[in-house]
Amino acid sequence: DTGVSQNPRHKITKRGQNVTFRCDPISEHNRLYWYRQTLGQGPEFLTYFQNEAQLEKSRLLSDRFSAERPKGSFSTLEIQRTEQGDSAMYLCASRPLAGVYNEQFFGPGTRLTVL
Amino acid sequence: AQKVTQAQTEISVVEKEDVTLDCVYETRDTTYYLFWYKQPPSGELVFLIRRNSFDEQNEISGRYSWNFQKSTSSFNFTITASQVVDSAVYFCALSEGGQGGSEKLVFGKGTKLTVNP
């Protein structure tokens with residue numbers, strides 16, 4: 001399967017702990033996106049990378065959140081000092097640089113539960 | 001600011017009925033793109049269709065059809081002869097176009113469709 005992959009699929013943690021999620025985009029997709037989806041809502045944009053450069057960040061991305069894409073391939077999203085409000089599905093998407101339509105392909109998501 | 005409204009929170013139909021999912025959008029951009037995604041119970045968002053702001057032609061793909069009307073800022077999605085496998089949450093999304101435009105997709109809150117046998 002050559003789609004977007006995310007690990008882990010599920011994460012349960014205690015409030016105050018740090019968590020890290022990984023996203024592997026479709027091969028040769030230069031652009032990578034992170035979204036957060038809470039229950040009953042549509043996904044909300046967090047940030048995006050073009051290769052290793054982080055080009056846009058949402059105001060939703062507080063100081064406790066950091067995302068990296070060190071070699072322009074996979075990306076990690078870290079949440080420090082987790083809070084119960086961080087419980088959500090974290091979605092990763094990718095698309096190639098070529099093409100003007102911003103058609104993003106999503107992974108299965110990582111569901112985070114903060115106790 | 002960009003905004004997508006899906007007024008229908010939940011729809012329930014019986015198999016073989018036709019169903020239309022509504023989407024109304026707001027944007028100040030003249031170039032923009034509209035999308036529909038399907039999210040089955042497994043959770044993965046599946047891309048269905050994209051339409052750019054300069055192309056108002058309606059599209060049909062099998063049992064799916066889309067009606068884009070700039071005059072009413074709507075991009076509605078119709079499933080003909082619905083099937084149980086169509087049960088999912090459907091999201092409409094919008095993104096800016098052109099050089100320097102934001103890369104983000106702005107999603108509506110989704111419409112949960114249940115097709116009963």
# chains A, B, ... in the order shown; residues from 1 in each chain; ligands from 1
call {"tool": "interface_residues", "arguments": {"of": "chain A", "to": "chain B", "cutoff": "7 Å", "atoms": "only C-alpha atoms", "output": "number ranges by chain"}}
result
A: 40-45, 101, 105-109
call {"tool": "residues_around", "arguments": {"residues": "range 80-90 of chain A", "least_positions_apart": "5", "cutoff": "8 Å", "atoms": "only C-alpha atoms", "output": "list of chain:residue names"}}
result
A:Lys14, A:Arg15, A:Gly16, A:Gln17, A:Asn18, A:Val19, A:Trp34, A:Tyr35, A:Arg36, A:Gln37, A:Thr38, A:Leu39, A:Arg64, A:Phe65, A:Gly109, A:Thr110, A:Arg111, A:Leu112, A:Thr113, A:Val114, A:Leu115
call {"tool": "residues_around", "arguments": {"residues": "Tyr33 in chain A", "least_positions_apart": "3", "cutoff": "7 Å", "atoms": "only C-alpha atoms", "output": "list in words"}}
result
Thr47, Tyr48, Phe49, Cys92, Ala93 and Ser94 of chain A
call {"tool": "write_last_selection", "arguments": {"atoms": "C-alpha atoms", "output": "CSV table (one decimal), in the first residue's frame"}}
result
chain,number,residue,atom,x,y,z
A,47,THR,CA,0.4,23.2,9.8
A,48,TYR,CA,2.0,22.3,6.5
A,49,PHE,CA,5.4,21.6,5.1
A,92,CYS,CA,-1.9,13.8,8.1
A,93,ALA,CA,-2.2,14.5,4.4
A,94,SER,CA,0.1,14.9,1.5
call {"tool": "residues_around", "arguments": {"residues": "Glu59 in chain B", "least_positions_apart": "4", "cutoff": "10 Å", "atoms": "only C-alpha atoms", "output": "PyMOL selection string"}}
result
chain B and resi 49+51+64-68+77
call {"tool": "residues_around", "arguments": {"residues": "Arg69 in chain A", "least_positions_apart": "2", "cutoff": "8 Å", "atoms": "only C-alpha atoms", "output": "PDB file with all heavy atoms, in the first residue's frame"}}
result
ATOM      1  N   PHE A  49       4.029  21.605   5.491  1.00  0.00           N
ATOM      2  CA  PHE A  49       5.434  21.629   5.073  1.00  0.00           C
ATOM      3  C   PHE A  49       5.529  21.502   3.561  1.00  0.00           C
ATOM      4  O   PHE A  49       4.793  20.747   2.950  1.00  0.00           O
ATOM      5  CB  PHE A  49       6.199  20.449   5.673  1.00  0.00           C
ATOM      6  CG  PHE A  49       6.346  20.510   7.159  1.00  0.00           C
ATOM      7  CD1 PHE A  49       5.344  20.055   7.997  1.00  0.00           C
ATOM      8  CD2 PHE A  49       7.506  21.020   7.734  1.00  0.00           C
ATOM      9  CE1 PHE A  49       5.470  20.098   9.358  1.00  0.00           C
ATOM     10  CE2 PHE A  49       7.654  21.068   9.103  1.00  0.00           C
ATOM     11  CZ  PHE A  49       6.631  20.601   9.922  1.00  0.00           C
ATOM     12  N   ASN A  51       8.575  20.227   1.473  1.00  0.00           N
ATOM     13  CA  ASN A  51       9.851  19.558   1.779  1.00  0.00           C
ATOM     14  C   ASN A  51      10.093  19.698   3.281  1.00  0.00           C
ATOM     15  O   ASN A  51       9.220  19.360   4.065  1.00  0.00           O
ATOM     16  CB  ASN A  51      10.962  20.129   0.919  1.00  0.00           C
ATOM     17  CG  ASN A  51      10.691  19.900  -0.556  1.00  0.00           C
ATOM     18  OD1 ASN A  51      10.307  18.808  -0.967  1.00  0.00           O
ATOM     19  ND2 ASN A  51      10.861  20.930  -1.364  1.00  0.00           N
ATOM     20  N   GLU A  52      11.237  20.215   3.697  1.00  0.00           N
ATOM     21  CA  GLU A  52      11.491  20.295   5.138  1.00  0.00           C
ATOM     22  C   GLU A  52      11.074  21.632   5.744  1.00  0.00           C
ATOM     23  O   GLU A  52      11.136  21.810   6.960  1.00  0.00           O
ATOM     24  CB  GLU A  52      12.978  20.033   5.434  1.00  0.00           C
ATOM     25  CG  GLU A  52      13.928  21.074   4.863  1.00  0.00           C
ATOM     26  CD  GLU A  52      14.312  20.799   3.426  1.00  0.00           C
ATOM     27  OE1 GLU A  52      13.676  19.925   2.800  1.00  0.00           O
ATOM     28  OE2 GLU A  52      15.237  21.473   2.925  1.00  0.00           O
ATOM     29  N   ALA A  53      10.634  22.563   4.914  1.00  0.00           N
ATOM     30  CA  ALA A  53      10.274  23.894   5.404  1.00  0.00           C
ATOM     31  C   ALA A  53       8.815  23.947   5.871  1.00  0.00           C
ATOM     32  O   ALA A  53       7.903  23.587   5.124  1.00  0.00           O
ATOM     33  CB  ALA A  53      10.511  24.917   4.295  1.00  0.00           C
ATOM     34  N   GLN A  54       8.642  24.429   7.093  1.00  0.00           N
ATOM     35  CA  GLN A  54       7.294  24.609   7.627  1.00  0.00           C
ATOM     36  C   GLN A  54       6.806  25.992   7.183  1.00  0.00           C
ATOM     37  O   GLN A  54       7.285  27.014   7.664  1.00  0.00           O
ATOM     38  CB  GLN A  54       7.315  24.507   9.154  1.00  0.00           C
ATOM     39  CG  GLN A  54       5.938  24.476   9.785  1.00  0.00           C
ATOM     40  CD  GLN A  54       5.996  24.218  11.291  1.00  0.00           C
ATOM     41  OE1 GLN A  54       7.022  24.399  11.924  1.00  0.00           O
ATOM     42  NE2 GLN A  54       4.888  23.793  11.866  1.00  0.00           N
ATOM     43  N   ALA A  67       5.952  20.588  15.179  1.00  0.00           N
ATOM     44  CA  ALA A  67       5.982  19.645  14.058  1.00  0.00           C
ATOM     45  C   ALA A  67       7.300  19.803  13.331  1.00  0.00           C
ATOM     46  O   ALA A  67       7.840  20.908  13.221  1.00  0.00           O
ATOM     47  CB  ALA A  67       4.807  19.887  13.114  1.00  0.00           C
ATOM     48  N   LYS A  71      13.946  15.692   6.992  1.00  0.00           N
ATOM     49  CA  LYS A  71      14.591  15.380   5.715  1.00  0.00           C
ATOM     50  C   LYS A  71      13.622  15.501   4.554  1.00  0.00           C
ATOM     51  O   LYS A  71      13.879  15.003   3.461  1.00  0.00           O
ATOM     52  CB  LYS A  71      15.194  13.980   5.746  1.00  0.00           C
ATOM     53  CG  LYS A  71      16.302  13.826   6.785  1.00  0.00           C
ATOM     54  CD  LYS A  71      16.924  12.446   6.735  1.00  0.00           C
ATOM     55  CE  LYS A  71      18.031  12.326   7.775  1.00  0.00           C
ATOM     56  NZ  LYS A  71      18.651  10.975   7.755  1.00  0.00           N
ATOM     57  N   GLY A  72      12.532  16.146   4.803  1.00  0.00           N
ATOM     58  CA  GLY A  72      11.559  16.315   3.729  1.00  0.00           C
ATOM     59  C   GLY A  72      10.808  15.058   3.386  1.00  0.00           C
ATOM     60  O   GLY A  72      10.153  15.007   2.332  1.00  0.00           O
ATOM     61  N   SER A  73      10.901  14.044   4.257  1.00  0.00           N
ATOM     62  CA  SER A  73      10.137  12.822   3.972  1.00  0.00           C
ATOM     63  C   SER A  73       9.060  12.668   5.032  1.00  0.00           C
ATOM     64  O   SER A  73       8.027  13.308   4.945  1.00  0.00           O
ATOM     65  CB  SER A  73      11.073  11.622   3.928  1.00  0.00           C
ATOM     66  OG  SER A  73      11.792  11.518   5.144  1.00  0.00           O
ATOM     67  N   PHE A  74       9.304  11.861   6.086  1.00  0.00           N
ATOM     68  CA  PHE A  74       8.294  11.710   7.130  1.00  0.00           C
ATOM     69  C   PHE A  74       8.236  12.955   8.002  1.00  0.00           C
ATOM     70  O   PHE A  74       9.143  13.801   7.985  1.00  0.00           O
ATOM     71  CB  PHE A  74       8.590  10.456   7.966  1.00  0.00           C
ATOM     72  CG  PHE A  74       9.774  10.609   8.882  1.00  0.00           C
ATOM     73  CD1 PHE A  74       9.615  11.073  10.183  1.00  0.00           C
ATOM     74  CD2 PHE A  74      11.050  10.288   8.439  1.00  0.00           C
ATOM     75  CE1 PHE A  74      10.711  11.214  11.020  1.00  0.00           C
ATOM     76  CE2 PHE A  74      12.140  10.425   9.261  1.00  0.00           C
ATOM     77  CZ  PHE A  74      11.977  10.893  10.558  1.00  0.00           C
ATOM     78  N   SER A  75       7.163  13.053   8.766  1.00  0.00           N
ATOM     79  CA  SER A  75       6.997  14.186   9.677  1.00  0.00           C
ATOM     80  C   SER A  75       6.586  13.675  11.048  1.00  0.00           C
ATOM     81  O   SER A  75       5.991  12.590  11.172  1.00  0.00           O
ATOM     82  CB  SER A  75       5.927  15.132   9.142  1.00  0.00           C
ATOM     83  OG  SER A  75       5.663  16.181  10.048  1.00  0.00           O
ATOM     84  N   THR A  76       6.919  14.440  12.073  1.00  0.00           N
ATOM     85  CA  THR A  76       6.475  14.127  13.422  1.00  0.00           C
ATOM     86  C   THR A  76       5.723  15.320  13.995  1.00  0.00           C
ATOM     87  O   THR A  76       6.049  16.476  13.693  1.00  0.00           O
ATOM     88  CB  THR A  76       7.641  13.774  14.351  1.00  0.00           C
ATOM     89  OG1 THR A  76       8.561  14.868  14.375  1.00  0.00           O
ATOM     90  CG2 THR A  76       8.338  12.508  13.894  1.00  0.00           C
TER      91      THR A  76
END
call {"tool": "closest_residue", "arguments": {"among": "B:Ser71, B:Gln57, B:Asn116, B:Thr80", "to": "Glu17 in chain B", "atoms": "only C-alpha atoms"}}
result
B:Thr80
call {"tool": "residues_around", "arguments": {"residues": "Thr2 in chain A", "least_positions_apart": "3", "cutoff": "9 Å", "atoms": "only C-alpha atoms", "output": "PyMOL selection string"}}
result
chain A and resi 5+25-27
call {"tool": "select_by_dssp", "arguments": {"residues": "range 58-93 of chain B", "states": "helix (DSSP H, G or I)", "output": "PyMOL selection string"}}
result
chain B and resi 70-72+84-86
call {"tool": "atom_distance", "arguments": {"atom1": "CA of Arg22 in chain A", "atom2": "CA of Glu78 in chain A"}}
result
8.9 Å
call {"tool": "select_by_dssp", "arguments": {"residues": "chain A", "states": "strand (DSSP E)", "output": "MDAnalysis selection string"}}
result
chainID A and resid 5:7 10:13 19:24 31:37 44:50 53:57 65:68 75:79 88:95 105:106 110:114
call {"tool": "residues_around", "arguments": {"residues": "Val24 in chain B", "least_positions_apart": "2", "cutoff": "10 Å", "atoms": "only C-alpha atoms", "output": "list in words"}}
result
Lys3, Val4, Thr5, Gln6, Ala7, Asp22, Glu26, Phe68, Gln69, Lys70, Thr72, Ser73, Ser74, Phe75, Asn76, Cys92, Ala93 and Gly108 of chain B
call {"tool": "write_last_selection", "arguments": {"atoms": "C-alpha atoms", "output": "mmCIF file, in the first residue's frame"}}
result
data_model
loop_
_atom_site.group_PDB
_atom_site.id
_atom_site.type_symbol
_atom_site.label_atom_id
_atom_site.label_comp_id
_atom_site.auth_asym_id
_atom_site.auth_seq_id
_atom_site.Cartn_x
_atom_site.Cartn_y
_atom_site.Cartn_z
ATOM 1 C CA LYS B 3 -16.196 29.296 5.603
ATOM 2 C CA VAL B 4 -18.039 26.139 4.643
ATOM 3 C CA THR B 5 -21.512 25.378 5.936
ATOM 4 C CA GLN B 6 -23.135 21.979 5.819
ATOM 5 C CA ALA B 7 -26.512 22.624 7.365
ATOM 6 C CA ASP B 22 -25.867 20.491 0.729
ATOM 7 C CA GLU B 26 -17.957 31.748 1.617
ATOM 8 C CA PHE B 68 -21.728 23.680 -8.528
ATOM 9 C CA GLN B 69 -23.491 27.055 -8.628
ATOM 10 C CA LYS B 70 -21.391 30.174 -8.084
ATOM 11 C CA THR B 72 -25.630 30.739 -4.809
ATOM 12 C CA SER B 73 -22.145 29.724 -3.553
ATOM 13 C CA SER B 74 -23.234 26.131 -3.383
ATOM 14 C CA PHE B 75 -21.604 22.828 -4.251
ATOM 15 C CA ASN B 76 -24.159 20.101 -3.626
ATOM 16 C CA CYS B 92 -17.295 19.602 1.876
ATOM 17 C CA ALA B 93 -14.078 21.627 1.842
ATOM 18 C CA GLY B 108 -17.562 22.023 6.936
#
